Each structure stands twice: as C-alpha cells, then as structure tokens.
Amino acid sequence: MEKIKVLVTDPLEEKGIEILKNAGFKVDEVGKQSPEKLAEIIKDYDVLIVRSGTKVPKEVIEKGEKLKIIGRAGVGLDNIDVEAATLAGIVVMNAPEGNTISAAEHTIALMMALARNIPSANNSVKEGKWERKKFMGTELYGKTLGIIGLGRIGKRVAEIGKGLGMKIVAYDPYISEEVIRNMGVAVVNLEGVLKQADFLTFHIPLNDETYHLIGDREFEMMKDGVFIINCARGGIIDEESLLRYIKKGKVKGAALDVFEKEPPEKNLLLQLDQVIATPHLGASTKEAQMNVAQQLAQQIVDALQKRIVKNAVNLPALDEKSLEYIRGYLSLGEKIGIFLRQLIDGEIKEIVLEYSGEIINYDLSLVRANVIVGLFSEEENVNLVNAPLIVKEKGIKLREIRKEKADEFTNLITVEVKNSKKVSVSGTLIREEPRIVKIDGFSVEAVPKGYLLICYNEDKPGIMGHIGTVLGKRGINIASMTLGRKKKGGPAITVLNLDQGIDKEVINKIEEFPAIHSVRLVRI
C-alpha cells in the first residue's frame with residue numbers, strides 16, 4: 001500500500017512531524033512556497049499543511065490531484081480558498097484550541113501596554129529621559145471591555161477581563177444570548193458594543209462579512225478616547241479610517257498585532273506614537289506552536305486512518321455522543337443512495353429526505369451528505385465535503401422532512417428521488433445492521449449488500465417458481481428473499497439477495513413471466 005504523503009510548507013513543531021511519521025506517513029518539509037511553485041509540486045501529495053505564510057489559492061487546489069486534506073496549523077483560513085477546496089472534495093481543517101491561551105494573553109498584554117503607555121515610556125527612559133507626567137496612564141479596573149466575537153479566544157479574553165475588574169459587553173451573532181449570559185457577559189448588538197466600550201477588541205475571522213467591519217460610521221459611534229486592540233485579522237478595521245480617527249483624537253490609542261498587508265510596508269499608522277504594533281505574535285509562544293502542531297497532526301492521522309474528522313471547516317461538526325448515535329445511519333444513508341441510483345433512469349430533478357423517530361433530535365447533515373454520496377458515487381468525484389455543492393450545481397431541488405413517529409421502527413430514513421418518475425426507499429437499523437424495509441411503499445426486509453434482484457410484479461402465483469428455475473439453471477444461489485404487497489392480488493415487489501451477479505440475458509429471461517413488469521439488478 002502506497003504511503004500517505006504530507007507536504008509541510010510553513011514551520012511546524014517537531015512533535016507534530018513525529019506524530020505523522022509514527023503513523024507511517026511520508027513527510028516532506030520544504031519551507032514556504034509561492035503559489036506558482038506550490039502548484040508545480042502539489043500533485044503527488046495527499047495532505048498539505050500550512051500556517052499563515054503559505055497561500056493556497058484555487059490554482060494550487062486544482063493541481064492537487066491526490067489532495068484529501070489541507071491542514072492549517074492555527075485558526076485563520078483566509079490564506080486558503082476554502083470554497084475551491086470544498087468543490088474539489090478536499091477537507092479543510094484547522095487547530096482552533098491550540099493557540100487560544102496565547103492569543104488571549106497577547107490581547108491582554110497589548111491592552112495593558114496601551115493603557116499604561118509602556119512602549120513609549122520604555123523608549124523614553126532608554127533615551128535618558130524621565131517623563132512621568134507625559135505618560136499618565138489609564139486603569140483597566142471598572143472600565144468597559146467590548147468584545148466582538150466570543151469564540152474560544154474571545155471567551156478567554158472575557159474571563160481575564162472580568163478578573164481585572166472590567167465590565168464586559170460582547171457581540172457575537174453566532175452564539176446564543178443564553179450561552180453568552182451564562183459567561184457573565186452582557187449581550188448587546190454591534191452598535192451597543194461600539195457605543196459602550198472603553199477598550200474594544202476583535203476575535204472574529206476575516207471574510208466578506210467582516211472585511212472593513214469598522215470604518216468611519218462605526219468610529220463615529222464610539223466613545224471619545226476609546227482604545228482599539230486587534231489580534232484577530234488585518235482587514236477587519238479600515239486602516240485609513242483608523243488613522244484619521246486617531247489623528248482626530250476620537251481613538252486614544254490602538255494596539256495592532258495584524259495588518260491588512262503583512263508586513264505593513266509604508267503604513268502611516270506605524271508613524272504614530274498612539275499605535276503599538278507587533279508582528280502577528282498572537283500565537284507565537286512555544287506552548288501554542290507545540291499545541292497546534294500536535295493537535296493538527298493527530299486530527300490528520302485520525303481522519304485518514306480512523307475516518308474520524310474533527311475541526312473541519314467544510315464538514316459538519318458533531319460531538320462524540322451525537323456521532324456515536326448516528327454512526328450506523330451514515331452507512332445506511334450511503335447504501336440507500338446507491339440503491340436508489342440503480343432504480344431510477346435519467347437525471348435526478350428532486351431529492352426528498354424524510355427522517356422519522358428519535359433520530360430527528362440530532363444533526364443529520366452528515367446523513368444527508370452520505371445519501372448524496374451514494375446517489376452520485378458512480379458519476380461524480382463526490383464525497384462528504386462536496387456533496388451539498390454537487391446537488392446545488394446540478395440544480396437539484398432538495399427537501400428534508402422530520403417526523404416524530406417512525407411507524408413500527410425506532411428510526412426510519414426514507415429517500416425519494418424524482419424526475420419524470422419517482423422512486424423511494426426506506427431503511428433502518430435492525431440489531432445495528434442496515435436494512436431496506438420499504439421500496440416505493442412496499443414493505444420488505446432486505447440486506448443492502450452485494451447483489452439484489454428487484455422485481456416489480458403482480459401478486460400472482462408462480463412468480464417465485466419461475467425466478468428460482470431461471471436462476472437455478474444458471475447455478476445462481478438465492479441467499480434470501482422478501483415479498484411485499486399492499487393488497488392481495490395487486491401490485492407487488494419481490495426482492496432477492498443473490499450470491500453473485502447476473503447478466504442482461506438472465507434478467508430478460510425472468511421478465512418473460514407475464515406477471516413480472518420489470519426487473520433490476522442492484523449492486524452495493
């Protein structure tokens with residue numbers, strides 16, 4: 001078996017490299033590469049690991065013929081074209097927990113340095129001066145700390161701020177107000193944070209929604225004499241606007257660890273005494289570097305060897321309890337998809353997924369993705385990552401329905417696909433094993449494995465005898481069979497698990513029986 005090949009283009013702590021090598025992976029550490037050079041060498045690698053230094057645009061991703069994972073040793077992903085990776089079916093994962101403490105502590109350090117004029121006072125003393133009155137500071141105690149973004153880092157900053165006796169107000173549209181209040185933090189909207197904060201700090205990603213989130217309009221809302229701290233991403237604050245409002249005196253000082261362009265060449269903010277700057281040091285502690293390297297490396301090993309994917313930004317994130325409950329339904333969903341694809345001809349126009357029973361209380365996005373993978377596994381390079389995009393690009397309408405009751409089953413998944421015709425299949429787990437229990441509403445019990453012969457017929461005598469004779473003459477054994485009908489003498493269905501496949505000639509022979517309307521061979 002060919003070894004998994006890993007390309008590392010930014011510095012990664014040796015502990016992380018060891019984890020990958022101990023898993024049997026071949027690791028090449030090549031240093032920072034330009035996008036053009038990276039596009040030339042990426043084709044042979046299964047995994048790419050970067051930090052913030054390496055850019056991974058669409059052009060690189062398109063050349064990554066074997067790429068399965070792009071790993072970011074850190075949090076921010078603005079240097080990776082996540083959309084292009086998703087479309088290519090490549091998992092993009094980061095290591096969000098590893099540098100939480102370091103980034104939060106750096107934020108607080110900058111806030112204190114800003115409040116007490118430490119860099120300027122330090123330079124003054126080293127120049128032989130003693131200017132105590134010039135560097136009069138501001139206490140943090142009793143002041144309002146405004147936090148925009150209450151993820152791991154923002155939450156830690158809030159905890160430290162409370163310990164310093166600060167009042168905390170925060171805005172995060174992606175976290176429920178109840179969760180924020182349980183942190184002991186006052187919940188306000190963006191405008192509320194801007195108007196109340198004496199110190200304002202950002203802990204959000206850079207994307208289309210957050211680019212230049214803070215500009216002239218937002219600065220006008222702020223208190224006179226506000227302090228700004230940004231250890232998140234350059235580009236969140238409009239730097240030209242910040243420059244103007246520092247010069248106006250509206251902003252008393254700014255501490256910046258990140259810039260829109262890094263390194264910040266000819267940036268006029270750096271000429272101001274009111275600005276403290278550090279070279280993107282938020283995660284630059286020995287502990288953080290080691291943590292993110294080990295975390296990311298272990299995630300990559302788990303994903304490729306155990307199929308356990310954590311911290312993937314383009315896959316649903318499930319806690320272990322939820323994943324354990326739905327695990328069997330992931331395989332079932334894929335098998336239902338494979339089954340249905342072989343029962344319907346032509347392009348699919350609509351997919352309807354119906355979930356019934358206790359399972360509706362869980363996040364079923366991975367189940368949905370597995371159904372799609374099954375439906376298009378033979379005609380597309382489709383996987384769990386790009387499954388939703390495949391459906392969208394094909395213009396297929398997708399609906400999901402949840403019902404509390406699942407008839408006689410604890411849980412039931414029903415998938416219906418439509419074009420000019422429609423076909424539906426229902427499945428469940430019986431003793432933890434996948435079972436097909438309905439086809440087009442006919443009750444059956446079939447094992448979705450190997451070869452299945454599906455016969456649409458009338459409920460009339462002689463059908464099984466005919467099928468058995470045809471198969472027996474060709475030495476084909478029937479492993480199991482199930483019959484389904486809705487009323488006596490009406491339309492019915494016959495499903496047989498076969499020990500081996502059959503050709504078109506055998507199918508035609510079976511269809512010769514007058515009461516059999518059509519026959520399909522399904523292979524799973």
# chains A, B, ... in the order shown; residues from 1 in each chain; ligands from 1
>>> residues_around(residues="Asp363 in chain A", least_positions_apart="2", cutoff="10 Å", atoms="only C-alpha atoms", output="list in words")
Pro316, Ala317, Leu318, Asp319, Ser322, Leu323, Ile326, Ile359, Ile360, Asn361, Ser365, Leu366, Val367 and Arg368 of chain A
>>> write_last_selection(atoms="N, CA and C atoms", output="PDB file, in the first residue's frame")
ATOM      1  N   PRO A 316     -19.768  19.149   8.648  1.00  0.00           N
ATOM      2  CA  PRO A 316     -20.491  19.383   9.898  1.00  0.00           C
ATOM      3  C   PRO A 316     -19.691  18.882  11.095  1.00  0.00           C
ATOM      4  N   ALA A 317     -19.737  19.645  12.171  1.00  0.00           N
ATOM      5  CA  ALA A 317     -19.041  19.255  13.399  1.00  0.00           C
ATOM      6  C   ALA A 317     -20.035  18.634  14.369  1.00  0.00           C
ATOM      7  N   LEU A 318     -19.806  17.370  14.721  1.00  0.00           N
ATOM      8  CA  LEU A 318     -20.691  16.673  15.655  1.00  0.00           C
ATOM      9  C   LEU A 318     -19.912  16.275  16.902  1.00  0.00           C
ATOM     10  N   ASP A 319     -20.565  16.388  18.057  1.00  0.00           N
ATOM     11  CA  ASP A 319     -19.923  15.912  19.272  1.00  0.00           C
ATOM     12  C   ASP A 319     -19.915  14.383  19.254  1.00  0.00           C
ATOM     13  N   SER A 322     -23.302  12.503  19.719  1.00  0.00           N
ATOM     14  CA  SER A 322     -24.179  12.552  18.542  1.00  0.00           C
ATOM     15  C   SER A 322     -23.645  11.651  17.435  1.00  0.00           C
ATOM     16  N   LEU A 323     -22.326  11.707  17.220  1.00  0.00           N
ATOM     17  CA  LEU A 323     -21.719  10.897  16.164  1.00  0.00           C
ATOM     18  C   LEU A 323     -21.912   9.414  16.442  1.00  0.00           C
ATOM     19  N   ILE A 326     -25.587   8.388  15.520  1.00  0.00           N
ATOM     20  CA  ILE A 326     -25.980   8.351  14.102  1.00  0.00           C
ATOM     21  C   ILE A 326     -25.016   7.557  13.232  1.00  0.00           C
ATOM     22  N   ILE A 359     -34.187   9.865  15.891  1.00  0.00           N
ATOM     23  CA  ILE A 359     -33.049  10.425  15.159  1.00  0.00           C
ATOM     24  C   ILE A 359     -33.239  11.902  14.808  1.00  0.00           C
ATOM     25  N   ILE A 360     -34.493  12.363  14.782  1.00  0.00           N
ATOM     26  CA  ILE A 360     -34.747  13.763  14.398  1.00  0.00           C
ATOM     27  C   ILE A 360     -34.186  14.747  15.414  1.00  0.00           C
ATOM     28  N   ASN A 361     -33.802  14.280  16.589  1.00  0.00           N
ATOM     29  CA  ASN A 361     -33.249  15.159  17.618  1.00  0.00           C
ATOM     30  C   ASN A 361     -31.758  15.422  17.423  1.00  0.00           C
ATOM     31  N   SER A 365     -26.972  16.384   9.062  1.00  0.00           N
ATOM     32  CA  SER A 365     -26.326  16.868   7.837  1.00  0.00           C
ATOM     33  C   SER A 365     -25.346  15.837   7.263  1.00  0.00           C
ATOM     34  N   LEU A 366     -24.682  15.069   8.127  1.00  0.00           N
ATOM     35  CA  LEU A 366     -23.773  14.032   7.620  1.00  0.00           C
ATOM     36  C   LEU A 366     -24.535  12.869   7.005  1.00  0.00           C
ATOM     37  N   VAL A 367     -25.712  12.565   7.543  1.00  0.00           N
ATOM     38  CA  VAL A 367     -26.556  11.526   6.935  1.00  0.00           C
ATOM     39  C   VAL A 367     -26.965  11.970   5.533  1.00  0.00           C
ATOM     40  N   ARG A 368     -27.404  13.216   5.428  1.00  0.00           N
ATOM     41  CA  ARG A 368     -27.789  13.764   4.117  1.00  0.00           C
ATOM     42  C   ARG A 368     -26.628  13.676   3.135  1.00  0.00           C
TER      43      ARG A 368
END
>>> residues_around(residues="range 93-99 of chain A", least_positions_apart="2", cutoff="7 Å", atoms="only C-alpha atoms", output="VMD selection string")
chain A and resid 70 to 75 91 101 to 103 283 288 291 to 292 295 to 296 311 to 313
>>> write_last_selection(atoms="C-alpha atoms", output="PDB file, in the first residue's frame")
ATOM      1  CA  ILE A  70      -5.469  20.861   3.730  1.00  0.00           C
ATOM      2  CA  GLY A  71      -4.491  21.482   7.341  1.00  0.00           C
ATOM      3  CA  ARG A  72      -3.958  24.914   8.866  1.00  0.00           C
ATOM      4  CA  ALA A  73      -1.731  24.824  11.954  1.00  0.00           C
ATOM      5  CA  GLY A  74      -3.667  27.586  13.666  1.00  0.00           C
ATOM      6  CA  VAL A  75      -7.090  29.166  13.343  1.00  0.00           C
ATOM      7  CA  VAL A  91     -11.275  18.553   3.755  1.00  0.00           C
ATOM      8  CA  ILE A 101      -4.390  30.932  25.633  1.00  0.00           C
ATOM      9  CA  SER A 102      -1.515  32.578  23.751  1.00  0.00           C
ATOM     10  CA  ALA A 103      -3.775  34.782  21.617  1.00  0.00           C
ATOM     11  CA  ALA A 283       0.041  32.526  18.580  1.00  0.00           C
ATOM     12  CA  ALA A 288       0.953  27.398  21.289  1.00  0.00           C
ATOM     13  CA  ASN A 291      -0.171  22.538  20.794  1.00  0.00           C
ATOM     14  CA  VAL A 292      -1.392  23.402  17.299  1.00  0.00           C
ATOM     15  CA  GLN A 295      -3.491  18.816  17.519  1.00  0.00           C
ATOM     16  CA  LEU A 296      -3.468  19.180  13.736  1.00  0.00           C
ATOM     17  CA  ASN A 311     -12.339  20.670  13.259  1.00  0.00           C
ATOM     18  CA  ALA A 312     -13.096  20.527   9.541  1.00  0.00           C
ATOM     19  CA  VAL A 313     -14.485  23.885   8.459  1.00  0.00           C
TER      20      VAL A 313
END
>>> closest_atom_pairs(of="range 60-109 of chain A", to="range 161-170 of chain A", cutoff="12 Å", atoms="only C-alpha atoms", output="CSV")
residue,atom,partner,partner_atom,distance
A:Ala104,CA,A:Gly161,CA,10.2
A:Glu105,CA,A:Gly161,CA,10.6
A:Thr107,CA,A:Gly161,CA,10.4
A:Ile108,CA,A:Gly161,CA,8.0
A:Ala109,CA,A:Gly161,CA,11.4
>>> write_last_selection(atoms="N, CA and C atoms", output="JSON list (two decimals), in the first residue's frame")
[["chain", "number", "residue", "atom", "x", "y", "z"],
["A", 104, "ALA", "N", -5.17, 35.03, 23.59],
["A", 104, "ALA", "CA", -5.89, 35.81, 24.60],
["A", 104, "ALA", "C", -4.92, 36.60, 25.47],
["A", 105, "GLU", "N", -3.84, 35.95, 25.88],
["A", 105, "GLU", "CA", -2.86, 36.64, 26.73],
["A", 105, "GLU", "C", -2.19, 37.78, 25.98],
["A", 107, "THR", "N", -3.55, 39.58, 23.66],
["A", 107, "THR", "CA", -4.55, 40.64, 23.61],
["A", 107, "THR", "C", -4.52, 41.46, 24.91],
["A", 108, "ILE", "N", -4.50, 40.78, 26.04],
["A", 108, "ILE", "CA", -4.49, 41.47, 27.33],
["A", 108, "ILE", "C", -3.17, 42.24, 27.52],
["A", 109, "ALA", "N", -2.06, 41.62, 27.08],
["A", 109, "ALA", "CA", -0.76, 42.30, 27.19],
["A", 109, "ALA", "C", -0.75, 43.61, 26.41]]
>>> residues_around(residues="Ile510 in chain A", least_positions_apart="2", cutoff="8 Å", atoms="only C-alpha atoms", output="mmCIF file with N, CA and C atoms, in the first residue's frame")
data_model
loop_
_atom_site.group_PDB
_atom_site.id
_atom_site.type_symbol
_atom_site.label_atom_id
_atom_site.label_comp_id
_atom_site.auth_asym_id
_atom_site.auth_seq_id
_atom_site.Cartn_x
_atom_site.Cartn_y
_atom_site.Cartn_z
ATOM 1 N N HIS A 466 -40.844 -19.420 -11.069
ATOM 2 C CA HIS A 466 -40.213 -19.032 -12.335
ATOM 3 C C HIS A 466 -38.831 -18.449 -12.086
ATOM 4 N N ILE A 467 -38.720 -17.498 -11.146
ATOM 5 C CA ILE A 467 -37.419 -16.867 -10.867
ATOM 6 C C ILE A 467 -36.416 -17.914 -10.383
ATOM 7 N N VAL A 470 -35.169 -20.096 -13.333
ATOM 8 C CA VAL A 470 -34.219 -19.381 -14.202
ATOM 9 C C VAL A 470 -32.860 -19.284 -13.539
ATOM 10 N N VAL A 506 -30.142 -13.047 -18.422
ATOM 11 C CA VAL A 506 -30.904 -13.673 -17.325
ATOM 12 C C VAL A 506 -32.065 -12.771 -16.912
ATOM 13 N N ILE A 507 -31.807 -11.465 -16.856
ATOM 14 C CA ILE A 507 -32.865 -10.510 -16.495
ATOM 15 C C ILE A 507 -34.008 -10.593 -17.508
ATOM 16 N N ASN A 508 -33.658 -10.644 -18.802
ATOM 17 C CA ASN A 508 -34.692 -10.746 -19.846
ATOM 18 C C ASN A 508 -35.503 -12.034 -19.699
ATOM 19 N N GLU A 512 -39.777 -12.566 -18.828
ATOM 20 C CA GLU A 512 -40.706 -13.249 -19.740
ATOM 21 C C GLU A 512 -41.994 -13.684 -19.036
ATOM 22 N N PHE A 513 -41.949 -13.825 -17.722
ATOM 23 C CA PHE A 513 -43.152 -14.240 -16.990
ATOM 24 C C PHE A 513 -44.185 -13.117 -17.077
ATOM 25 N N ILE A 516 -44.655 -10.367 -14.293
ATOM 26 C CA ILE A 516 -43.497 -9.554 -13.898
ATOM 27 C C ILE A 516 -43.369 -8.378 -14.865
ATOM 28 N N VAL A 519 -37.529 -5.781 -14.047
ATOM 29 C CA VAL A 519 -36.529 -6.384 -13.167
ATOM 30 C C VAL A 519 -35.284 -5.499 -13.164
#
>>> residues_around(residues="Val385 in chain A", least_positions_apart="4", cutoff="12 Å", atoms="only C-alpha atoms", output="MDAnalysis selection string")
chainID A and resid 68:69 82:93 309 312:316 365:366 368:370 372:373 381 389:391
>>> closest_residue(among="A:Val47, A:Leu471, A:Ala232, A:Ile237", to="Tyr211 in chain A", atoms="only C-alpha atoms")
A:Ile237
>>> closest_residue(among="A:Ile214, A:Ala515, A:Leu452, A:Ala113", to="Ile436 in chain A", atoms="only C-alpha atoms")
A:Leu452
>>> atom_distance(atom1="CA of Asp28 in chain A", atom2="CA of Ile4 in chain A")
11.1 Å
>>> atom_distance(atom1="CA of Met112 in chain A", atom2="CA of Gly282 in chain A")
15.0 Å
>>> select_by_dssp(residues="range 180-370 of chain A", states="alpha helix (DSSP H)", output="MDAnalysis selection string")
chainID A and resid 180:182 190:196 216:221 239:248 286:301 320:341 365:370
>>> closest_atom_pairs(of="range 409-465 of chain A", to="range 329-349 of chain A", cutoff="6 Å", atoms="only C-alpha atoms", output="CSV")
residue,atom,partner,partner_atom,distance
A:Lys418,CA,A:Lys349,CA,5.7
A:Asn419,CA,A:Lys349,CA,5.0
A:Pro434,CA,A:Leu332,CA,5.5
>>> select_by_dssp(residues="range 312-481 of chain A", states="strand (DSSP E or B)", output="ChimeraX atom specification")
/A:312,350-357,397-403,411-418,422-430,433-439,442-446,451-458,478-481
>>> closest_residue(among="A:Lys3, A:Arg435, A:Lys460, A:Arg116", to="Leu20 in chain A", atoms="only C-alpha atoms")
A:Lys3
>>> residues_around(residues="Leu114 in chain A", least_positions_apart="6", cutoff="8 Å", atoms="only C-alpha atoms", output="list in words")
Phe227, Gly253, Ala254, Ala255 and Ile276 of chain A
>>> closest_residue(among="A:Glu445, A:Glu131, A:Glu393, A:Glu400", to="Gly427 in chain A", atoms="only C-alpha atoms")
A:Glu445
>>> closest_residue(among="A:Ile463, A:Leu453, A:Leu498, A:Leu364", to="Asn477 in chain A", atoms="only C-alpha atoms")
A:Leu498
>>> closest_residue(among="A:Glu209, A:Glu218, A:Glu29, A:Asp44", to="Glu2 in chain A", atoms="only C-alpha atoms")
A:Asp44
>>> atom_distance(atom1="CA of Glu240 in chain A", atom2="CA of Leu269 in chain A")
8.4 Å
